[in-house]
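Heads up, coords08.tsv below (TSV, C-alpha atoms):
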```tsv
chain	number	residue	atom	x	y	z
A	1	MET	CA	-29.33	8.91	-17.60
A	2	SER	CA	-26.65	10.83	-15.78
A	3	LEU	CA	-26.18	10.41	-12.06
A	4	LYS	CA	-26.81	13.37	-9.77
A	5	ARG	CA	-23.71	13.86	-7.63
A	6	ASP	CA	-25.35	15.12	-4.44
A	7	ALA	CA	-25.18	13.72	-0.90
A	8	GLN	CA	-28.68	12.30	-1.02
A	9	ASN	CA	-27.99	10.37	-4.19
A	10	PHE	CA	-24.69	9.19	-2.75
A	11	LEU	CA	-26.50	7.75	0.27
A	12	THR	CA	-28.93	5.94	-2.04
A	13	VAL	CA	-26.01	4.48	-4.02
A	14	ILE	CA	-24.29	3.35	-0.79
A	15	GLY	CA	-27.55	1.93	0.55
A	16	SER	CA	-28.24	-0.16	-2.51
A	17	ASN	CA	-24.64	-1.40	-2.79
A	18	LYS	CA	-23.77	-1.77	0.89
A	19	GLY	CA	-23.12	-5.50	0.40
A	20	ILE	CA	-20.16	-4.76	-1.91
A	21	ILE	CA	-18.52	-2.55	0.72
A	22	TYR	CA	-19.12	-4.98	3.55
A	23	LYS	CA	-17.97	-8.08	1.66
A	24	VAL	CA	-14.76	-6.46	0.40
A	25	ALA	CA	-13.91	-5.04	3.85
A	26	ASN	CA	-14.69	-8.37	5.48
A	27	SER	CA	-12.36	-10.21	3.11
A	28	TYR	CA	-9.43	-7.96	3.95
A	29	CYS	CA	-9.99	-7.29	7.63
A	30	LYS	CA	-10.50	-9.91	10.32
A	31	ASP	CA	-10.75	-7.67	13.35
A	32	GLU	CA	-14.17	-6.10	13.92
A	33	GLU	CA	-12.94	-2.68	15.11
A	34	ASN	CA	-10.48	-2.38	12.22
A	35	ARG	CA	-13.17	-3.49	9.79
A	36	LYS	CA	-15.44	-0.74	11.06
A	37	ASP	CA	-12.67	1.78	10.32
A	38	LEU	CA	-11.97	0.23	6.94
A	39	ILE	CA	-15.65	0.51	5.98
A	40	GLN	CA	-15.62	4.16	7.02
A	41	GLU	CA	-12.45	4.76	4.98
A	42	ILE	CA	-13.99	3.08	1.90
A	43	ILE	CA	-17.14	5.22	2.17
A	44	ILE	CA	-15.02	8.37	2.59
A	45	GLN	CA	-13.04	7.54	-0.55
A	46	LEU	CA	-16.25	6.73	-2.44
A	47	TRP	CA	-17.69	10.10	-1.41
A	48	LEU	CA	-14.50	11.96	-2.40
A	49	SER	CA	-14.52	10.24	-5.81
A	50	PHE	CA	-18.27	10.44	-6.34
A	51	ASP	CA	-18.19	13.55	-8.51
A	52	LYS	CA	-15.46	12.01	-10.67
A	53	TYR	CA	-17.39	8.79	-11.32
A	54	ASP	CA	-17.06	7.88	-14.98
A	55	GLU	CA	-20.46	6.72	-16.20
A	56	THR	CA	-18.97	4.69	-19.04
A	57	TYR	CA	-18.27	2.07	-16.36
A	58	LYS	CA	-20.89	0.26	-14.32
A	59	LEU	CA	-21.45	1.72	-10.86
A	60	SER	CA	-20.43	-1.61	-9.34
A	61	THR	CA	-17.10	-1.55	-11.25
A	62	TRP	CA	-16.35	1.89	-9.76
A	63	MET	CA	-17.32	0.70	-6.28
A	64	TYR	CA	-15.32	-2.52	-6.44
A	65	ARG	CA	-12.25	-0.65	-7.66
A	66	ILE	CA	-12.34	1.86	-4.82
A	67	ALA	CA	-13.29	-0.66	-2.13
A	68	LEU	CA	-10.56	-3.07	-3.22
A	69	ASN	CA	-7.90	-0.40	-3.68
A	70	VAL	CA	-8.61	1.04	-0.24
A	71	SER	CA	-8.77	-2.39	1.41
A	72	ILE	CA	-5.54	-3.66	-0.13
A	73	SER	CA	-3.63	-0.47	0.68
A	74	PHE	CA	-5.07	0.39	4.03
A	75	TYR	CA	-5.40	-2.82	5.87
A	76	ARG	CA	-3.47	-2.53	9.13
A	77	LYS	CA	-3.42	-5.10	11.90
A	78	GLU	CA	-3.37	-2.47	14.58
A	79	HIS	CA	-3.37	1.25	15.29
A	80	ARG	CA	-5.92	2.00	12.56
A	81	ARG	CA	-7.97	4.12	14.95
A	82	ASN	CA	-5.08	6.57	15.24
A	83	GLU	CA	-4.58	6.80	11.51
A	84	ILE	CA	-8.12	7.27	10.29
A	85	ASN	CA	-9.32	10.76	9.41
A	86	GLN	CA	-12.13	11.21	11.95
A	87	PRO	CA	-13.31	7.89	13.40
A	88	LEU	CA	-17.05	7.73	13.99
A	89	PRO	CA	-18.13	6.23	17.34
A	90	ASP	CA	-20.46	3.68	15.72
A	91	GLY	CA	-20.15	1.66	12.55
A	92	ILE	CA	-21.80	2.70	9.31
A	93	LEU	CA	-22.65	-0.84	8.27
A	94	TYR	CA	-23.66	-3.43	10.81
A	95	LEU	CA	-25.28	-6.84	10.92
A	96	HIS	CA	-28.76	-7.00	12.41
A	97	GLU	CA	-28.26	-10.50	13.78
A	98	GLU	CA	-25.45	-13.04	13.79
A	99	HIS	CA	-25.85	-16.11	11.62
A	100	THR	CA	-25.99	-19.48	13.27
A	101	GLY	CA	-25.99	-23.12	12.27
A	102	GLU	CA	-23.98	-25.47	10.12
A	103	LEU	CA	-24.18	-23.26	7.06
A	104	ASN	CA	-22.44	-20.53	9.02
A	105	THR	CA	-19.53	-22.87	9.82
A	106	GLU	CA	-19.01	-23.62	6.16
A	107	ILE	CA	-19.22	-19.94	5.26
A	108	ASP	CA	-16.71	-19.14	7.99
A	109	GLN	CA	-14.38	-21.75	6.56
A	110	LEU	CA	-14.74	-20.31	3.08
A	111	HIS	CA	-14.00	-16.84	4.48
A	112	GLN	CA	-10.99	-18.21	6.31
A	113	PHE	CA	-9.64	-19.84	3.14
A	114	ILE	CA	-10.18	-16.65	1.15
A	115	LYS	CA	-8.35	-14.61	3.80
A	116	GLU	CA	-5.39	-16.98	3.53
A	117	LEU	CA	-4.97	-16.06	-0.16
A	118	LYS	CA	-2.60	-13.33	-1.35
A	119	GLU	CA	-4.20	-9.88	-1.65
A	120	ILE	CA	-4.66	-9.80	-5.44
A	121	ASP	CA	-5.77	-13.44	-5.61
A	122	ARG	CA	-8.31	-12.60	-2.93
A	123	ALA	CA	-9.69	-9.81	-5.12
A	124	VAL	CA	-9.94	-12.17	-8.11
A	125	ILE	CA	-11.93	-14.85	-6.27
A	126	LEU	CA	-14.09	-12.32	-4.47
A	127	LEU	CA	-15.13	-10.77	-7.79
A	128	TYR	CA	-15.74	-14.21	-9.25
A	129	LEU	CA	-17.90	-15.36	-6.34
A	130	GLU	CA	-19.81	-12.10	-6.54
A	131	GLY	CA	-20.99	-13.21	-9.97
A	132	ASN	CA	-18.97	-10.79	-12.10
A	133	ASN	CA	-18.13	-12.12	-15.55
A	134	GLN	CA	-14.54	-12.37	-16.84
A	135	GLN	CA	-14.73	-9.09	-18.71
A	136	GLU	CA	-15.93	-7.24	-15.62
A	137	ILE	CA	-13.24	-8.84	-13.44
A	138	ALA	CA	-10.62	-7.92	-16.07
A	139	GLU	CA	-11.90	-4.31	-16.12
A	140	ILE	CA	-11.86	-3.98	-12.35
A	141	LEU	CA	-8.41	-5.47	-11.93
A	142	GLY	CA	-6.74	-4.25	-15.11
A	143	LEU	CA	-5.93	-7.73	-16.43
A	144	THR	CA	-6.62	-9.58	-19.66
A	145	MET	CA	-9.59	-11.93	-19.76
A	146	THR	CA	-7.29	-14.89	-20.44
A	147	ASN	CA	-5.30	-14.08	-17.32
A	148	VAL	CA	-8.48	-13.76	-15.28
A	149	SER	CA	-9.69	-17.13	-16.51
A	150	THR	CA	-6.38	-18.85	-15.64
A	151	LYS	CA	-6.24	-17.20	-12.24
A	152	VAL	CA	-9.85	-18.01	-11.35
A	153	SER	CA	-9.40	-21.71	-12.15
A	154	ARG	CA	-6.16	-21.85	-10.19
A	155	ILE	CA	-7.62	-20.16	-7.11
A	156	LYS	CA	-10.78	-22.27	-7.24
A	157	GLN	CA	-8.57	-25.35	-7.28
A	158	GLN	CA	-6.74	-24.04	-4.21
A	159	LEU	CA	-10.03	-23.53	-2.39
A	160	LYS	CA	-11.28	-26.98	-3.31
A	161	GLU	CA	-8.07	-28.54	-2.03
A	162	LYS	CA	-8.41	-26.65	1.23
A	163	PHE	CA	-11.95	-27.95	1.72
A	164	LEU	CA	-10.77	-31.44	0.82
A	165	THR	CA	-7.95	-31.33	3.37
A	166	LEU	CA	-10.45	-30.20	5.97
A	167	LYS	CA	-12.76	-33.15	5.34
A	168	LYS	CA	-9.93	-35.72	5.62
B	1	MET	CA	-16.31	-29.37	-2.56
B	2	GLU	CA	-17.27	-28.61	-6.18
B	3	ASP	CA	-17.37	-25.21	-7.94
B	4	ILE	CA	-21.13	-25.01	-7.76
B	5	GLU	CA	-21.13	-25.79	-4.04
B	6	ILE	CA	-18.67	-22.97	-3.34
B	7	ILE	CA	-20.75	-20.57	-5.44
B	8	ASN	CA	-23.94	-21.65	-3.67
B	9	LEU	CA	-22.26	-21.22	-0.31
B	10	TRP	CA	-21.33	-17.67	-1.28
B	11	LYS	CA	-24.86	-17.02	-2.52
B	12	SER	CA	-26.32	-18.18	0.79
B	13	TYR	CA	-23.92	-15.81	2.59
B	14	ASP	CA	-24.99	-13.06	0.23
B	15	LYS	CA	-28.64	-13.76	0.99
B	16	LYS	CA	-28.03	-13.66	4.75
B	17	LEU	CA	-26.20	-10.36	4.32
B	18	GLU	CA	-29.02	-8.98	2.24
B	19	GLU	CA	-31.41	-9.75	5.09
B	20	ASN	CA	-29.22	-8.59	7.97
B	21	LEU	CA	-26.91	-5.85	6.76
B	22	MET	CA	-28.04	-2.42	7.89
B	23	LEU	CA	-26.81	1.00	6.91
B	24	ASN	CA	-26.54	3.58	9.66
B	25	LYS	CA	-27.85	6.45	7.53
B	26	ARG	CA	-26.98	9.16	10.07
B	27	ASN	CA	-23.33	8.08	10.17
B	28	ALA	CA	-23.18	7.72	6.40
B	29	GLU	CA	-24.64	11.21	6.06
B	30	ASP	CA	-22.05	12.55	8.53
B	31	ILE	CA	-19.33	11.43	6.12
B	32	THR	CA	-20.70	13.64	3.38
B	33	LYS	CA	-20.44	16.60	5.77
B	34	MET	CA	-16.94	15.84	7.06
B	35	LYS	CA	-14.05	17.96	5.92
B	36	VAL	CA	-11.83	15.05	5.04
B	37	LYS	CA	-8.96	14.87	2.62
B	38	SER	CA	-8.21	11.93	0.38
B	39	PHE	CA	-5.64	9.68	2.07
B	40	LEU	CA	-3.19	10.51	-0.67
B	41	THR	CA	-3.49	14.26	-0.56
B	42	SER	CA	-3.13	14.06	3.21
B	43	MET	CA	0.35	12.62	2.64
B	44	THR	CA	1.39	15.60	0.52
B	45	PRO	CA	2.03	18.30	3.20
B	46	LEU	CA	4.61	16.21	5.08
B	47	LYS	CA	6.43	15.36	1.85
B	48	VAL	CA	6.43	19.02	0.77
B	49	PHE	CA	7.68	20.04	4.24
B	50	THR	CA	10.50	17.46	4.07
B	51	ILE	CA	11.47	18.68	0.60
B	52	LEU	CA	11.57	22.29	1.83
B	53	ILE	CA	13.71	21.39	4.86
B	54	GLY	CA	15.94	19.31	2.58
B	55	ILE	CA	16.37	22.21	0.13
B	56	LEU	CA	17.22	24.56	3.02
B	57	TRP	CA	19.81	22.09	4.37
B	58	ILE	CA	21.35	21.53	0.92
B	59	GLY	CA	21.34	25.28	0.27
B	60	PHE	CA	23.09	25.88	3.59
B	61	VAL	CA	25.81	23.29	2.87
B	62	ASP	CA	26.18	24.55	-0.73
B	63	ILE	CA	26.67	28.15	0.46
B	64	LEU	CA	29.12	26.96	3.09
B	65	MET	CA	31.11	25.11	0.43
B	66	ILE	CA	31.15	28.09	-1.96
B	67	ASN	CA	32.23	30.54	0.75
B	68	LEU	CA	34.85	28.25	2.21
B	69	TRP	CA	36.09	26.91	-1.12
B	70	SER	CA	39.49	28.63	-0.95
B	71	VAL	CA	40.13	28.11	2.75
B	72	ALA	CA	38.43	24.84	3.69
B	73	SER	CA	40.31	21.56	3.78
B	74	PRO	CA	39.74	19.19	0.85
B	75	PHE	CA	38.38	16.66	3.36
B	76	PHE	CA	35.61	19.04	4.34
B	77	LEU	CA	34.80	19.99	0.73
B	78	ILE	CA	34.69	16.40	-0.52
B	79	SER	CA	32.65	15.23	2.49
B	80	ALA	CA	30.20	18.10	2.06
B	81	ALA	CA	29.93	17.49	-1.69
B	82	ILE	CA	29.08	13.80	-1.11
B	83	LEU	CA	26.57	14.75	1.59
B	84	VAL	CA	24.88	17.30	-0.69
B	85	LEU	CA	24.76	14.88	-3.60
B	86	LEU	CA	23.13	12.14	-1.52
B	87	ASN	CA	20.65	14.59	-0.04
B	88	LYS	CA	19.78	15.86	-3.51
B	89	LEU	CA	19.07	12.29	-4.57
B	90	SER	CA	16.81	11.84	-1.54
B	91	ILE	CA	14.92	14.99	-2.52
B	92	PHE	CA	14.47	13.59	-6.02
B	93	ILE	CA	12.90	10.49	-4.46
B	94	TYR	CA	10.53	12.69	-2.46
B	95	LEU	CA	9.64	14.55	-5.67
B	96	TYR	CA	9.07	11.21	-7.42
B	97	GLN	CA	6.74	10.28	-4.55
B	98	LEU	CA	4.83	13.55	-4.97
B	99	ILE	CA	4.40	12.82	-8.69
B	100	LEU	CA	3.13	9.32	-7.86
B	101	ILE	CA	0.68	10.74	-5.31
B	102	HIS	CA	-0.59	13.11	-7.99
B	103	GLN	CA	-0.94	10.27	-10.51
B	104	VAL	CA	-2.79	7.79	-8.31
B	105	ASP	CA	-6.51	7.56	-8.91
B	106	ILE	CA	-8.18	5.26	-6.43
B	107	SER	CA	-10.91	4.42	-8.93
B	108	ASP	CA	-8.42	3.11	-11.52
B	109	PRO	CA	-7.95	-0.64	-12.05
B	110	ILE	CA	-6.51	-2.46	-9.03
B	111	LEU	CA	-3.19	-3.61	-10.48
B	112	ALA	CA	-2.16	-0.21	-11.85
B	113	THR	CA	-3.20	1.64	-8.68
B	114	GLN	CA	-1.60	-0.85	-6.33
B	115	GLU	CA	1.61	-0.77	-8.34
B	116	LYS	CA	1.83	3.02	-8.00
B	117	LEU	CA	0.99	2.88	-4.30
B	118	ALA	CA	3.46	0.09	-3.67
B	119	ASN	CA	6.18	1.94	-5.59
B	120	LEU	CA	5.36	5.02	-3.55
B	121	ARG	CA	5.84	3.20	-0.27
B	122	SER	CA	8.78	1.03	-1.23
B	123	SER	CA	10.73	4.05	-2.54
B	124	THR	CA	11.01	5.05	1.13
B	125	LEU	CA	13.49	2.21	1.44
B	126	TRP	CA	15.70	4.01	-1.10
B	127	ILE	CA	15.74	7.05	1.16
B	128	ALA	CA	16.94	4.83	4.04
B	129	ARG	CA	19.68	3.39	1.81
B	130	LEU	CA	20.88	6.86	0.81
B	131	LEU	CA	20.83	8.02	4.44
B	132	PHE	CA	23.07	5.12	5.44
B	133	LEU	CA	25.40	5.92	2.55
B	134	GLN	CA	26.12	9.27	4.21
B	135	LEU	CA	27.65	7.60	7.26
B	136	PRO	CA	31.37	7.78	6.32
B	137	VAL	CA	31.36	11.52	5.50
B	138	TRP	CA	30.51	12.25	9.15
B	139	THR	CA	33.91	10.74	10.02
B	140	THR	CA	35.92	12.76	7.49
B	141	PHE	CA	34.48	16.30	7.24
B	142	TYR	CA	36.47	17.59	10.27
B	143	LEU	CA	39.84	16.29	9.02
B	144	SER	CA	42.58	18.63	7.80
B	145	GLU	CA	46.04	18.30	6.27
B	146	THR	CA	47.70	19.59	9.45
B	147	MET	CA	46.03	16.83	11.47
B	148	PHE	CA	47.82	14.34	9.28
B	149	GLU	CA	51.13	16.20	9.30
B	150	ASN	CA	51.26	16.46	13.10
B	151	GLY	CA	49.15	13.43	13.94
B	152	HIS	CA	50.09	10.63	16.27
B	153	ILE	CA	50.07	7.00	15.17
B	154	VAL	CA	47.09	6.36	17.50
B	155	PHE	CA	45.14	9.07	15.66
B	156	TYR	CA	45.87	7.45	12.27
B	157	ILE	CA	44.77	4.04	13.54
B	158	VAL	CA	41.60	5.25	15.26
B	159	GLN	CA	40.63	7.49	12.34
B	160	GLY	CA	41.40	4.79	9.81
B	161	ILE	CA	39.37	2.15	11.64
B	162	LEU	CA	36.47	4.57	12.17
B	163	THR	CA	36.25	5.71	8.53
B	164	PHE	CA	36.79	2.23	7.13
B	165	THR	CA	34.14	0.71	9.43
B	166	PHE	CA	31.60	3.40	8.59
B	167	ALA	CA	32.33	3.18	4.86
B	168	TYR	CA	32.12	-0.62	4.88
B	169	LEU	CA	28.88	-0.53	6.86
B	170	ALA	CA	27.39	2.16	4.62
B	171	PHE	CA	28.11	0.30	1.37
B	172	TRP	CA	27.13	-3.03	2.84
B	173	LEU	CA	23.77	-1.64	3.99
B	174	PHE	CA	23.26	0.21	0.71
B	175	PHE	CA	23.62	-2.98	-1.31
B	176	ASN	CA	21.91	-5.29	1.15
B	177	ILE	CA	18.81	-3.32	2.13
B	178	THR	CA	16.62	-5.13	-0.36
B	179	TYR	CA	13.28	-6.89	-0.26
B	180	GLU	CA	15.04	-10.25	-0.65
B	181	ASN	CA	16.80	-9.71	2.69
B	182	ARG	CA	13.63	-8.77	4.58
B	183	GLY	CA	13.68	-12.00	6.58
B	184	LYS	CA	17.24	-11.52	7.90
B	185	LYS	CA	17.73	-10.70	11.57
B	186	TRP	CA	19.71	-7.49	10.97
B	187	PHE	CA	17.08	-6.27	8.50
B	188	ARG	CA	14.26	-6.83	10.96
B	189	LEU	CA	16.29	-5.10	13.63
B	190	ILE	CA	16.64	-1.92	11.52
B	191	PHE	CA	13.12	-1.93	10.11
B	192	ASN	CA	11.10	-3.34	12.97
B	193	GLY	CA	9.01	-0.23	13.73
B	194	LYS	CA	5.33	-0.22	12.79
B	195	GLU	CA	6.02	2.67	10.41
B	196	TRP	CA	8.02	0.25	8.25
B	197	SER	CA	5.37	-2.48	7.99
B	198	PRO	CA	3.46	-0.73	5.15
B	199	VAL	CA	6.75	-0.45	3.24
B	200	MET	CA	7.44	-4.15	3.71
B	201	ARG	CA	3.88	-5.06	2.74
B	202	SER	CA	4.15	-2.89	-0.36
B	203	MET	CA	7.25	-4.73	-1.48
B	204	GLU	CA	5.48	-8.05	-1.02
B	205	LEU	CA	2.58	-6.66	-3.04
B	206	LEU	CA	4.95	-5.52	-5.80
B	207	SER	CA	6.20	-9.08	-6.19
B	208	GLN	CA	2.57	-10.29	-6.47
B	209	ILE	CA	1.91	-7.61	-9.12
B	210	ASP	CA	5.06	-8.65	-11.02
B	211	GLU	CA	3.79	-12.22	-11.00
B	212	TYR	CA	0.45	-11.09	-12.48
B	213	ARG	CA	2.16	-8.91	-15.08
B	214	MET	CA	4.37	-11.79	-16.19
B	215	GLU	CA	1.34	-14.05	-16.53
B	216	ASN	CA	-0.48	-11.29	-18.42
B	217	ILE	CA	2.43	-11.03	-20.89
B	218	THR	CA	2.52	-14.82	-21.32
B	219	ALA	CA	-1.25	-14.95	-21.82
B	220	ASN	CA	-1.05	-12.19	-24.45
B	221	LYS	CA	1.79	-13.98	-26.28
B	222	ASN	CA	-0.14	-17.26	-26.30
B	223	ALA	CA	-3.26	-15.50	-27.57
B	224	ASN	CA	-1.28	-13.98	-30.45
B	225	LEU	CA	0.23	-17.30	-31.51
```
Kindly present the structure from the file in structure tokens form.
Amino acid sequence: MSLKRDAQNFLTVIGSNKGIIYKVANSYCKDEENRKDLIQEIIIQLWLSFDKYDETYKLSTWMYRIALNVSISFYRKEHRRNEINQPLPDGILYLHEEHTGELNTEIDQLHQFIKELKEIDRAVILLYLEGNNQQEIAEILGLTMTNVSTKVSRIKQQLKEKFLTLKK
Amino acid sequence: MEDIEIINLWKSYDKKLEENLMLNKRNAEDITKMKVKSFLTSMTPLKVFTILIGILWIGFVDILMINLWSVASPFFLISAAILVLLNKLSIFIYLYQLILIHQVDISDPILATQEKLANLRSSTLWIARLLFLQLPVWTTFYLSETMFENGHIVFYIVQGILTFTFAYLAFWLFFNITYENRGKKWFRLIFNGKEWSPVMRSMELLSQIDEYRMENITANKNANL
């Protein structure tokens, strides 16, 4: 069934895939204010590309590609507010309540380790953790499946070593 | 920590997000009503403007050279010709950037898109190299044969030192402004403004992409064996 390319449908698509946008932006942007701007920029680019969405690909593939391309290219440590098209006063995506507890510490550590990876490696592991299979990761990144498999194992090893060092 | 533990950790984060992540529908709706341009097309007007100014400048120097061909000193003509040539090359780089902007599709696979974007940004470094290469002609265009015929020894020395220094500096910078030298003090001194940080980041990204491409080629070769 073909997707209607109107604003209402766009909002439904964003609503049901908001996790993708947030997780990608969070992996590439530490600072909260900058992340808010990055999320806005991703949604703007999604909206501008919405009528060109190629339905031969999964909707998530299209979203990951745009979110990752925008995040890798547009991450700035500072001055983002001046560069963004029309910054909105409030965020578009926000967390209802902050997580607490031991689990949160481990998640924070995992996030920290992911953020220490190089940009493309970060995209590979993010897509892997998100449960995408090798073919999907290869399609999103533009790599061969063999390369994806090698890269995933290598990055996973790096993460494991980081956790191991932390426990010592 | 084992694979499964990392995956489970991510899943628990995912679950928490699922429960807590809210969409501000009003703000999201505002985006669909905004008159915003794609970040790439918003780069186009400045590039087109620079190209137009560049063409006007080149045209002016070209006309000057044609009109003064028979009367101008060879120093002026050669200096102007070098200046025009380098500026024409810079304009070609701007045109190349416009083509890249036109070719980039943000919904294409990450590696291909990032490569185009990184090439787009890092080509700005070429413009800087060409600009520096123009340095010596600004020390020669005013010279004439009579200045040499009636010149004082001090003039020869000062002029010689000036032109040689500028030429040496220009060629040295032209050959040394490379990504490999990004860590050097002099490099950071020239390119320390925040406007240069995306260019530097793009070059770093290009080396990551190269690494992936090489591994892709190797993986393909191994698969075919």
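When only C-alpha atoms are used to compute distances to chain A, the closest of the residues B:Ser70, B:Ser144, B:Ser107, B:Ser202 turns out to be B:Ser107.
Counting all atoms listed in the file and comparing A:Ile92, A:Ala67, A:Ala138, A:Met145, the residue that lies closest to chain B is A:Ile92.
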Among B:Ser79, B:Thr113, B:Asn181, B:Asn67, chain A is approached most closely, using only C-alpha atoms, by B:Thr113
Dump as CSV the rows for residues of chain A within 7 Å of chain B: closest atom pair and distance in Å with one decimal, all atoms listed in the file counted, ordered by chain and rising residue number.
```
residue,atom,partner,partner_atom,distance
A:Ala7,CA,B:Thr32,CA,6.2
A:Leu11,CA,B:Ala28,CA,7.0
A:Gly15,CA,B:Leu23,CA,6.5
A:Gly19,CA,B:Leu17,CA,7.0
A:Ile44,CA,B:Ile31,CA,6.4
A:Gln45,CA,B:Ser38,CA,6.6
A:Trp47,CA,B:Thr32,CA,6.7
A:Leu48,CA,B:Ser38,CA,6.9
A:Trp62,CA,B:Ser107,CA,6.1
A:Arg65,CA,B:Ser107,CA,5.4
A:Ile66,CA,B:Ser107,CA,5.0
A:Asn69,CA,B:Ile110,CA,5.9
A:Asn85,CA,B:Val36,CA,6.6
A:Ile92,CA,B:Asn24,CA,4.8
A:Leu93,CA,B:Leu23,CA,4.7
A:Tyr94,CA,B:Met22,CA,5.4
A:Leu95,CA,B:Leu21,CA,4.6
A:His96,CA,B:Asn20,CA,4.7
A:Glu97,CA,B:Asn20,CA,6.2
A:Ile107,CA,B:Leu9,CA,6.5
A:Leu129,CA,B:Ile7,CA,6.0
A:Glu139,CA,B:Pro109,CA,6.8
A:Ile140,CA,B:Pro109,CA,5.2
A:Leu141,CA,B:Ile110,CA,4.6
A:Gly142,CA,B:Pro109,CA,4.9
A:Leu143,CA,B:Asn216,CA,6.8
A:Thr144,CA,B:Asn216,CA,6.5
A:Thr146,CA,B:Ala219,CA,6.2
A:Asn147,CA,B:Asn216,CA,5.7
A:Lys160,CA,B:Met1,CA,5.6
A:Phe163,CA,B:Met1,CA,6.3
A:Leu164,CA,B:Met1,CA,6.8
```
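Between CA of Asn132 (chain A) and CA of Tyr57 (chain A) the separation is 13.6 Å.
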Closest to Lys30 (chain A) among A:Lys162, A:Ser71, A:Arg5, A:Tyr53, using all atoms listed in the file? A:Ser71
Might you pull out every residue within 7 Å of Leu98 (chain B), with all atoms listed in the file counted and same-chain residues fewer than 4 positions away left off, and present them as a ChimeraX atom specification? /B:44,94,102
Residue subset to file, keeping C-alpha atoms, as a compact mmCIF listing (two decimals), keeping the file's coordinate frame:
```
# COMPACT_ATOMS: atom_id res chain seq x y z
CA THR B 44 1.39 15.60 0.52
CA TYR B 94 10.53 12.69 -2.46
CA HIS B 102 -0.59 13.11 -7.99
```
